[in-house]
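Step one of this worksheet: look at the structure below.
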Amino acid sequence: MNPDKTRFFRFVVVIGVLSLAVQVLQAAPFVQDPSNRVETNFNMNWKFKSGTVTGTPEATAYDDSQWETVSAPHPLKMVTSHLDGSTDCNNQGTFGRTTGWFRKHVSLVGQAGKKVFVEFQTVMQVATVYVNGTQVGIHAISGYDSFHFDITDYVSFTGDNVIAVFVDNRINTTTPPDFDYAGTCTTYPDGIDFILFGGINGDVNLVCTDKLHIGFQWEAKNAGIVVTTPSVSAASATVKVVTTVKNENTTGKSATVTATIIDANNQVVTTMTSAAQNIAANGSATVSLTSSAIANPYLWSPDNPYLYKVYVSVRDGSTFVEGKFQKFGIRWFDFNTTTGFHLNGQSVKLIGLNRHSAWPFVGGAIPNTVHRREARQIKSHGFNWIRLSHYPHDPDFLDALDELGIMALEEGPTWAAGAAPYIKTNNAAWYSNLQTAFRKEIRRDINHPSIIVWQAAINHGGCDATLHPAAHEEDSTRYIGQCTSTGLGVGCPMCFTGYDPFSAPSIPTGGALCIEHTGHTFATARFFTTTYTNELRLFQHSRRHWEEVGLARATPSNAGLAAWAGYDYNSFHNTGISGSSTDRNIVFHGLFDLFRIPKFAAYWYKSELTTPPMVFIANYWMATSPHDTIPVFSNCEQVELIVNGVSQGVRSPARDNQYLNALVHPPFLFTNITWAAGTVIALGRNGGVVVARDTVRTPGAATKLRVETDPDTILADGADFARVIVSVCDANGTVIPTASNSISMTASGAGTIISENPIDADAGKIIFLARGNLTGGTMTVTANSGTLTPASGTLYVTQPVSATREGSPLKSAAAVISLQPPLVLKFAGNNYNVPAWAYGKYNTIEIYNVQGKLLVRTSPKNRHMIKLSAWKRSEGGVFVIRMLNRM
C-alpha cells in the first residue's frame with residue numbers, strides 16, 4: 001500500500017477570530033473517549049517587566065497595568081545581531097545577565113476536583129514560580145530542560161488566579177550550562193561557545209488532570225508514556241508501551257490501563273489492556289503492555305517518516321478518567337565498524353549539520369512555528385541528520401524532525417572546548433544538576449524516532465563519567481555517543497582539523513560518526529570582508545564541504561558526518577581564522593548565515609542531497625569575481641553554461657579526484673571563461689531536456705529595494721514571527737552582493753517589527769522580524785534606504801487554531817464555534833471536494849502546510865474541487881485552511 005494514500009490529514013478552518021478543528025472522515029476511525037485531562041497552551045496575554053521591579057510583583061493585587069503585554073516564548077531583552085556591541089567574553093559576565101517578571105491571570109472555573117499543574121518547556125535559566133502570592137517552586141536544574149509544578153493547593157476554582165514567574169539569568173554557579181568560571185577572558189576553554197539568552201524560551205501549558213492520572217514524562221523513568229519496539233523487521237514488529245499511573249486520591253483505586261495503537265490514517269492497529277491495578281492512596285503503578293505482532297509495519301525513515309501514535313487511557317473501575325496520545329515511529333538501526341550506519345537494514349550515509357537554535361534579535365525565545373520552518377529549511381537542502389548542539393532542543397523542533405524524517409544526536413546542556421577537564425568547576429551540585437538535566441531530557445525525548453544517539457560527552461571531549469551511566473540507565477535502546485564500555489556505543493569525534501584550504505580532509509572510520517567538520521577550521525562569512533571572506537573563499541568553503549562528504553561516501557566504515565555548523569551564531573569566544581577574532585560577535589561557521597540566508601555551500605548540499613532538478617551558479621559575475629573556474633552546482637545529468645549569449649559547452653559533472661568520484665552529484669566546473677559584464681545562464685539537462693535554470697547578472701548601481709516575506713502568513717498569537725528579507729537591487733532587480741546599505745523597516749496594521757532597526761545589509765541582503773498581534777488581519781511592511789526606491793510586502797496574521805493539545809476536549813480561551821454544517825474536505829484522487837455551502841459563501845480559500853507555506857490560493861466560488869499536485873500533498877499531514885472574503 002502506498003503510504004501517501006494512507007496518510008492521516010487534519011484540517012482546520014479559520015474565519016476571522018473563530019476556529020474549528022475537523023478531521024477527514026474515515027471508515028472505521030479510532031474514537032476517543034471523553035477525558036478529564038485538559039492541556040491548554042498558556043502562552044498568550046502575559047504581563048512582562050524586565051529588570052528590577054519594586055514592590056511585591058508576586059502578589060495577587062499587584063498593579064501590572066503599566067507592564068508590557070507579551071506572549072511566550074519571550075526574551076528578557078531584545079538584542080542586536082552583534083549583541084549590542086558588547087565587549088563581554090566567554091564567561092558572559094555582563095551580557096544578558098538580567099532578570100524579569102512575567103504575570104498572568106487565569107480562571108479555573110469548571111476544573112474543581114482536578115489536579116492542576118503549570119508546565120514550562122524551558123526557561124533560561126532559573127525560574128521562581130508563584131501562584132496567588134505564594135511561592136510554589138524554584139527550578140534551577142538547567143536553562144534548557146522542561147519542568148512543572150503542582151499548583152492544585154494554591155489555586156481557586158471559583159475566582160481569578162495570578163501566576164507570577166521571576167526569571168533570573170544572572171550568573172549561576174550550579175545551573176548548567178552556566179558554571180563557576182575560574183579563569184579570565186583570555187581563552188575560550190573557560191567559557192561557553194554559545195550565548196545564554198534569558199527568558200521564557202518555550203511554551204507554557206496549564207494541565208488539569210483527574211487525581212488518577214499519567215505522570216509527566218520527565219518526572220522519573222517511565223513516568224509518562226514510553227514506547228519501544230522489542231522486535232522489528234520489515235515483515236513484523238511488536239510495540240511495547242510502558243506508563244505510570246499516579247493515584248493522588250485519599251483512597252485506594254483499582255485502575256485499568258489500555259494502550260491503542262493507531263496508524264497515520266486514524267485506524268486502530270491493535271489494542272492492549274492491563275489487568276486491574278490496585279493503587280494505594282498517593283501511590284503509583286507502572287504498567288507494561290506489549291502488542292502482538294504487527295504485520296508489514298510502515299517503517300520510519302527520511303524517505304517515509306511514517307508516524308504511528310498510541311492512545312493510553314486510564315479507567316477508575318469502569319469510569320474513563322484519563323487519556324493521552326503519544327506519537328512514535330517503528331524503525332531499527334545500527335552502527336557497524338565495517339559498513340557504517342544502517343537504517344531498517346539499508347546502508348545509509350549520515351550527512352548532516354550542527355544546529356544552534358537561537359535566532360538573531362529574539363535570542364532563545366523561538367515559537368514553535370519558527371522551529372518547524374527551520375526544520376523544513378534543513379530538510380529542503382537534503383540533510384538526513386542533525387547534531388543538537390549543545391543542549392536539548394525545543395520539543396516542537398523534535399516533532400518536526402520526526403514528521404520530516406531527519407535523524408538526530410542529542411546532547412546534555414553544557415559545553416567545553418575539549419575534554420571534561422576544560423570545565424573549570426569542581427562544584428558537586430553543578431555536576432549533579434547536569435546529570436539530572438540529561439536524564440530529564442532523555443525521558444522527555446525518548447519517544448522521538450528521529451533521535452538515534454544520546455551524546456554522553458561534554459562537547460567532543462570523550463565519554464563523561466557523569467553522563468554515561470545516566471544515558472545507559474534511562475534508555476538501553478539507543479547508542480551512546482563516545483562511550484563503548486557499556487551497552488551500545490559509537491565514536492563521535494571531530495574531523496578535518498587543518499586550516500589550510502587545500503589540506504586533505506579526514507574522517508573517522510570503524511563505524512564512527514564525525515560530529516564536526518569544516519566550519520570551525522574555515523570561517524566564511526556570507527558578506528565581504530578583508531579577513532573572513534571574498535567570493536573565492538565562498539567557493540573554497542564549498543569545496544572543503546564536498547571533499548569531506550566525498551571522502552565519507554568513499555569510506556564504507558565511516559557512519560557519516562555533520563558540518564559545523566548549520567547556521568552562523570552569536571558567541572563571544574575567539575572563532576576566527578588562525579587566531580584572528582570577530583568584531584561582530586558572530587561566529588561565521590555556518591552553511592547559512594545568522595539570518596538563515598544560504599551561502600554557496602548550502603546550495604552544493606542541495607545539489608548533492610535532493611532530487612527535484614536544481615542548478616545554482618556559484619559566482620556573482622563581477623569584475624572582481626574569480627573567472628578561471630565557474631562552479632555550477634546541480635543534480636542534473638548535464639549543464640550548459642551560456643555567457644553573454646555564447647554557449648560555453650555542455651558538460652558532465654567533474655570527476656577527476658577521489659572526492660569528486662565518490663559524490664552522487666559532483667559540481668560542474670567550467671574553466672577558462674573570459675569575463676565581460678553581462679549575463680550568465682546555466683541550464684540543467686536530464687535526457688537532453690532542460691529541467692532547471694539559473695541566471696546571474698553583473699550587478700549595476702543600487703537603485704531600489706526588494707521585500708520578500710517568509711512566510712506570508714503568521715499566527716495572531718503575539719509570538720509567531722516571519723522573516724522580512726530585504727535585498728538591495730539594481731534597476732534590473734539583481735541583488736548587489738557588495739551592498740551594505742543601512743535599511744529601516746516600518747509596519748502598519750496587524751503587527752510590528754521586533755528586530756534591530758535600522759540594520760546594515762550583508763552581501764546585499766538582510767532580514768527583519770515581523771511579529772503579529774493578537775487580533776489578526778493584514779500587516780504591511782515597508783523598507784527604506786536613503787534615495788533607493790522603497791519596497792513593501794504583505795503579511796496575513798491569522799488566529800491560532802487551538803491552544804489545546806491533541807487528546808484534550810477543551811479549547812483555549814479564544815472563541816470557538818461549530819460551523820453548521822461542519823466543513824469536511826473529502827479527498828478524491830488529486831482533488832479536495834469543497835462542500836457547496838462553503839464555496840457559495842466565501843470568495844477565497846487558502847491552504848497552508850503547518851510551517852506556514854502557502855500551497856494553494858484560489859476562489860472556491862462555483863468550484864467544487866481544489867486540485868493539489870503530488871508535491872503539495874506530500875508537504876505534511878497538517879494543513880491550515882483559511883476561507884475568507886477578500887478582494
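Just so we're on the same page: first chain in the C-alpha cells is A, next is B, and so on; residues restart at 1 for each chain, and ligands are numbered from 1 in the order they show up.
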
### Task
Using DSSP on the backbone coordinates, identify all residues within segment 373-574 of chain A classified as helix (DSSP H, G or I); present the result as number ranges by chain.
A: 373-380, 395-404, 420-422, 428-445, 467-474, 519-521, 535-553

### Residue set, segment 58-243 of chain A restricted to strand (DSSP E or B), as a PyMOL selection string
chain A and resi 68-70+74-75+99-107+115-120+123-124+126-131+134-139+147-150+160-168+199-200+204-209+212-214+225-232+236-243

### Task
Figure out the distance between atom CA of Ala791 of chain A and atom CA of Phe721 of chain A, please, to one decimal in Å.
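Atom CA of Ala791 of chain A lies 19.4 Å from atom CA of Phe721 of chain A.
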
### Task
Could you jot down the atom CA of Leu561 of chain A to atom CA of Leu594 of chain A separation for me, Å, one decimal place?
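Atom CA of Leu594 of chain A lies 21.9 Å from atom CA of Leu561 of chain A.
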
### Task
Mind checking which residues fall within 8 Å of segment 121-135 of chain A, counting only C-alpha atoms, ignoring those fewer than 6 positions away in the same chain, and posting them as a ChimeraX atom specification?
/A:58-60,141-147,151,154-155,161-169,175,196-204,394-395

Quick one: contact table of segment 678-724 of chain A to segment 600-619 of chain A, 10 Å max, nearest atom pair and distance in Å to one decimal per residue, counting only C-alpha atoms, chain and number order, as CSV?
```
residue,atom,partner,partner_atom,distance
A:Val680,CA,A:Ile617,CA,8.4
A:Ile681,CA,A:Ile617,CA,8.1
A:Ala682,CA,A:Ile617,CA,6.9
A:Leu683,CA,A:Val615,CA,7.3
A:Gly684,CA,A:Val615,CA,6.1
A:Arg685,CA,A:Pro613,CA,8.8
A:Asn686,CA,A:Pro613,CA,8.7
A:Val690,CA,A:Pro613,CA,9.6
A:Val691,CA,A:Pro613,CA,6.3
A:Ala692,CA,A:Met614,CA,5.3
A:Arg693,CA,A:Val615,CA,5.9
A:Asp694,CA,A:Phe616,CA,5.8
A:Thr695,CA,A:Ile617,CA,7.4
A:Val696,CA,A:Ile617,CA,7.1
A:Arg697,CA,A:Asn619,CA,9.8
```

Filtering to all heavy atoms, could you give me those residues as a compact mmCIF listing (two decimals), in the first residue's frame?
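File written: part-v7.txt
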```txt
# COMPACT_ATOMS: atom_id res chain seq x y z
N VAL A 680 25.10 35.46 -17.21
CA VAL A 680 25.50 34.06 -17.27
C VAL A 680 24.27 33.22 -16.96
O VAL A 680 23.56 33.46 -15.98
CB VAL A 680 26.62 33.74 -16.25
CG1 VAL A 680 26.99 32.26 -16.32
CG2 VAL A 680 27.83 34.62 -16.51
N ILE A 681 24.02 32.22 -17.82
CA ILE A 681 22.87 31.34 -17.65
C ILE A 681 23.37 29.90 -17.56
O ILE A 681 24.22 29.48 -18.37
CB ILE A 681 21.88 31.47 -18.83
CG1 ILE A 681 21.35 32.91 -18.92
CG2 ILE A 681 20.71 30.49 -18.67
CD1 ILE A 681 20.53 33.17 -20.17
N ALA A 682 22.87 29.16 -16.60
CA ALA A 682 23.16 27.73 -16.51
C ALA A 682 21.87 26.96 -16.74
O ALA A 682 20.85 27.24 -16.09
CB ALA A 682 23.74 27.38 -15.13
N LEU A 683 21.93 26.01 -17.65
CA LEU A 683 20.77 25.18 -17.97
C LEU A 683 21.06 23.75 -17.55
O LEU A 683 22.02 23.12 -18.03
CB LEU A 683 20.48 25.21 -19.48
CG LEU A 683 20.23 26.61 -20.09
CD1 LEU A 683 20.03 26.48 -21.61
CD2 LEU A 683 19.02 27.26 -19.44
N GLY A 684 20.26 23.23 -16.62
CA GLY A 684 20.39 21.84 -16.20
C GLY A 684 19.56 20.95 -17.10
O GLY A 684 18.39 21.22 -17.35
N ARG A 685 20.19 19.86 -17.60
CA ARG A 685 19.53 18.98 -18.56
C ARG A 685 19.49 17.55 -18.04
O ARG A 685 20.48 17.04 -17.52
CB ARG A 685 20.26 18.99 -19.91
CG ARG A 685 20.36 20.35 -20.58
CD ARG A 685 21.15 20.27 -21.89
NE ARG A 685 21.35 21.56 -22.50
CZ ARG A 685 20.48 22.14 -23.34
NH1 ARG A 685 19.35 21.51 -23.66
NH2 ARG A 685 20.75 23.32 -23.86
N ASN A 686 18.35 16.91 -18.20
CA ASN A 686 18.19 15.47 -17.99
C ASN A 686 17.66 14.87 -19.28
O ASN A 686 16.63 15.32 -19.81
CB ASN A 686 17.21 15.19 -16.85
CG ASN A 686 17.82 15.46 -15.49
OD1 ASN A 686 19.04 15.47 -15.33
ND2 ASN A 686 16.97 15.68 -14.50
N VAL A 690 15.97 20.51 -20.95
CA VAL A 690 16.23 21.49 -19.91
C VAL A 690 15.17 21.35 -18.81
O VAL A 690 13.97 21.48 -19.07
CB VAL A 690 16.22 22.92 -20.48
CG1 VAL A 690 16.36 23.95 -19.35
CG2 VAL A 690 17.34 23.09 -21.50
N VAL A 691 15.64 21.09 -17.58
CA VAL A 691 14.71 20.90 -16.46
C VAL A 691 14.97 21.87 -15.32
O VAL A 691 14.21 21.92 -14.35
CB VAL A 691 14.81 19.45 -15.93
CG1 VAL A 691 14.29 18.46 -16.96
CG2 VAL A 691 16.23 19.10 -15.50
N ALA A 692 16.05 22.66 -15.39
CA ALA A 692 16.36 23.63 -14.35
C ALA A 692 17.20 24.75 -14.95
O ALA A 692 17.91 24.55 -15.93
CB ALA A 692 17.11 22.97 -13.19
N ARG A 693 17.11 25.92 -14.33
CA ARG A 693 17.78 27.09 -14.91
C ARG A 693 18.18 28.05 -13.79
O ARG A 693 17.45 28.23 -12.81
CB ARG A 693 16.80 27.79 -15.88
CG ARG A 693 17.34 29.05 -16.55
CD ARG A 693 16.21 29.73 -17.31
NE ARG A 693 16.67 30.89 -18.06
CZ ARG A 693 16.83 30.91 -19.37
NH1 ARG A 693 16.56 29.84 -20.09
NH2 ARG A 693 17.25 32.01 -19.98
N ASP A 694 19.35 28.66 -13.93
CA ASP A 694 19.76 29.73 -13.02
C ASP A 694 20.42 30.82 -13.84
O ASP A 694 21.09 30.54 -14.85
CB ASP A 694 20.73 29.20 -11.95
CG ASP A 694 21.00 30.23 -10.86
OD1 ASP A 694 20.10 31.05 -10.58
OD2 ASP A 694 22.10 30.22 -10.28
N THR A 695 20.22 32.07 -13.41
CA THR A 695 20.76 33.22 -14.13
C THR A 695 21.47 34.14 -13.16
O THR A 695 20.95 34.42 -12.07
CB THR A 695 19.64 34.00 -14.85
OG1 THR A 695 18.97 33.12 -15.78
CG2 THR A 695 20.20 35.19 -15.60
N VAL A 696 22.65 34.60 -13.55
CA VAL A 696 23.40 35.59 -12.77
C VAL A 696 23.72 36.76 -13.69
O VAL A 696 24.17 36.55 -14.83
CB VAL A 696 24.70 34.98 -12.20
CG1 VAL A 696 25.56 36.07 -11.56
CG2 VAL A 696 24.38 33.90 -11.19
N ARG A 697 23.51 37.97 -13.20
CA ARG A 697 23.81 39.17 -13.98
C ARG A 697 24.83 40.03 -13.24
O ARG A 697 24.80 40.10 -12.00
CB ARG A 697 22.54 40.00 -14.22
CG ARG A 697 21.50 39.32 -15.08
CD ARG A 697 20.29 40.22 -15.29
NE ARG A 697 19.27 39.58 -16.11
CZ ARG A 697 18.31 38.80 -15.65
NH1 ARG A 697 18.24 38.54 -14.34
NH2 ARG A 697 17.42 38.26 -16.45
```

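Residues lying within 6 Å of Thr798 of chain A, counting only C-alpha atoms and ignoring same-chain neighbours fewer than 5 positions away, are Leu715, Ala716 and Gly776 of chain A.
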
With C-alpha atoms retained, could you export that selection as an mmCIF file, in the first residue's frame?
```
data_model
loop_
_atom_site.group_PDB
_atom_site.id
_atom_site.type_symbol
_atom_site.label_atom_id
_atom_site.label_comp_id
_atom_site.auth_asym_id
_atom_site.auth_seq_id
_atom_site.Cartn_x
_atom_site.Cartn_y
_atom_site.Cartn_z
ATOM 1 C CA LEU A 715 -0.288 33.379 13.700
ATOM 2 C CA ALA A 716 -2.020 36.105 15.691
ATOM 3 C CA GLY A 776 -5.247 39.247 13.340
#
```

### Task
Identify which of the residues A:His460, A:His148, A:Arg544, A:Arg526 lies closest to Ala504 of chain A, counting only C-alpha atoms when measuring atom-to-atom distances.
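Among the listed residues, A:Arg544 lies closest to Ala504 of chain A.
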
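If you look at atom CA of Asn784 of chain A and atom CA of His82 of chain A, they are 21.4 Å away from each other.
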
### Message
Can you tell me which residues surround Val109 of chain A at a distance of at most 8 Å, considering only C-alpha atoms, apart from same-chain residues fewer than 4 positions away, and format the answer as a PyMOL selection string?
### Response
chain A and resi 157-159

Selection export as a short mmCIF file (atom, residue, chain, number, x, y, z; two decimals), in the first residue's frame, atoms kept: N, CA and C atoms:
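Result written to again25.cif:
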```cif
data_model
loop_
_atom_site.label_atom_id
_atom_site.label_comp_id
_atom_site.auth_asym_id
_atom_site.auth_seq_id
_atom_site.Cartn_x
_atom_site.Cartn_y
_atom_site.Cartn_z
N PHE A 157 -10.82 27.64 42.33
CA PHE A 157 -11.60 27.11 41.21
C PHE A 157 -12.85 27.96 40.94
N THR A 158 -13.01 29.03 41.70
CA THR A 158 -14.19 29.87 41.53
C THR A 158 -13.86 31.29 41.14
N GLY A 159 -12.67 31.77 41.50
CA GLY A 159 -12.29 33.15 41.21
C GLY A 159 -11.07 33.25 40.33
#
```

#### Entry: Minimum-distance residue to Val549 of chain A, chosen among A:Ser347, A:Ser291, A:Thr518, A:Ser357 (using only C-alpha atoms)
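Closest to Val549 of chain A, using only C-alpha atoms: A:Thr518.
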
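The environment of segment 304-319 of chain A within 7 Å, counting only C-alpha atoms and disregarding residues fewer than 5 places along the same chain, consists of A:Lys253, A:Ser254, A:Ala255, A:Thr256, A:Val257, A:Thr258, A:Ala259, A:Thr260, A:Ile261, A:Ile262, A:Asp263, A:Ala264, A:Tyr298, A:Leu299, A:Lys324, A:Phe325, A:Gln326, A:Lys327, A:Phe328, A:Gly329, A:Asp402, A:Glu403, A:Leu404, A:Gly405.
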
### Task
Fewer than 4 positions away in the same chain doesn't count, so skip those; otherwise give me all residues within 8 Å of Ile171 of chain A, counting only C-alpha atoms, as a list in words.
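Neighbouring residues, sequence-local ones excluded: Gly93, Arg97, Asp178 and Phe179 of chain A.
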
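In terms of minimum interatomic distance to His356 of chain A, A:Ser571 ranks closest within A:Asn336, A:Ser571, A:Gln799, A:Ser740, counting only C-alpha atoms.
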
### Task
Name the closest residue to Ile225 of chain A among the candidates A:Ile446, A:Ala285, A:Met78, A:Ala400; distances are taken between atoms, counting only C-alpha atoms.
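Among the listed residues, A:Ile446 lies closest to Ile225 of chain A.
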
### Message
For a quick check of understanding, using only C-alpha atoms, which of A:Glu410, A:Glu441, A:Asp150, A:Glu474 has the smallest distance to Val453 of chain A?
### Response
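Among A:Glu410, A:Glu441, A:Asp150, A:Glu474, it is A:Glu410 that comes nearest to Val453 of chain A.
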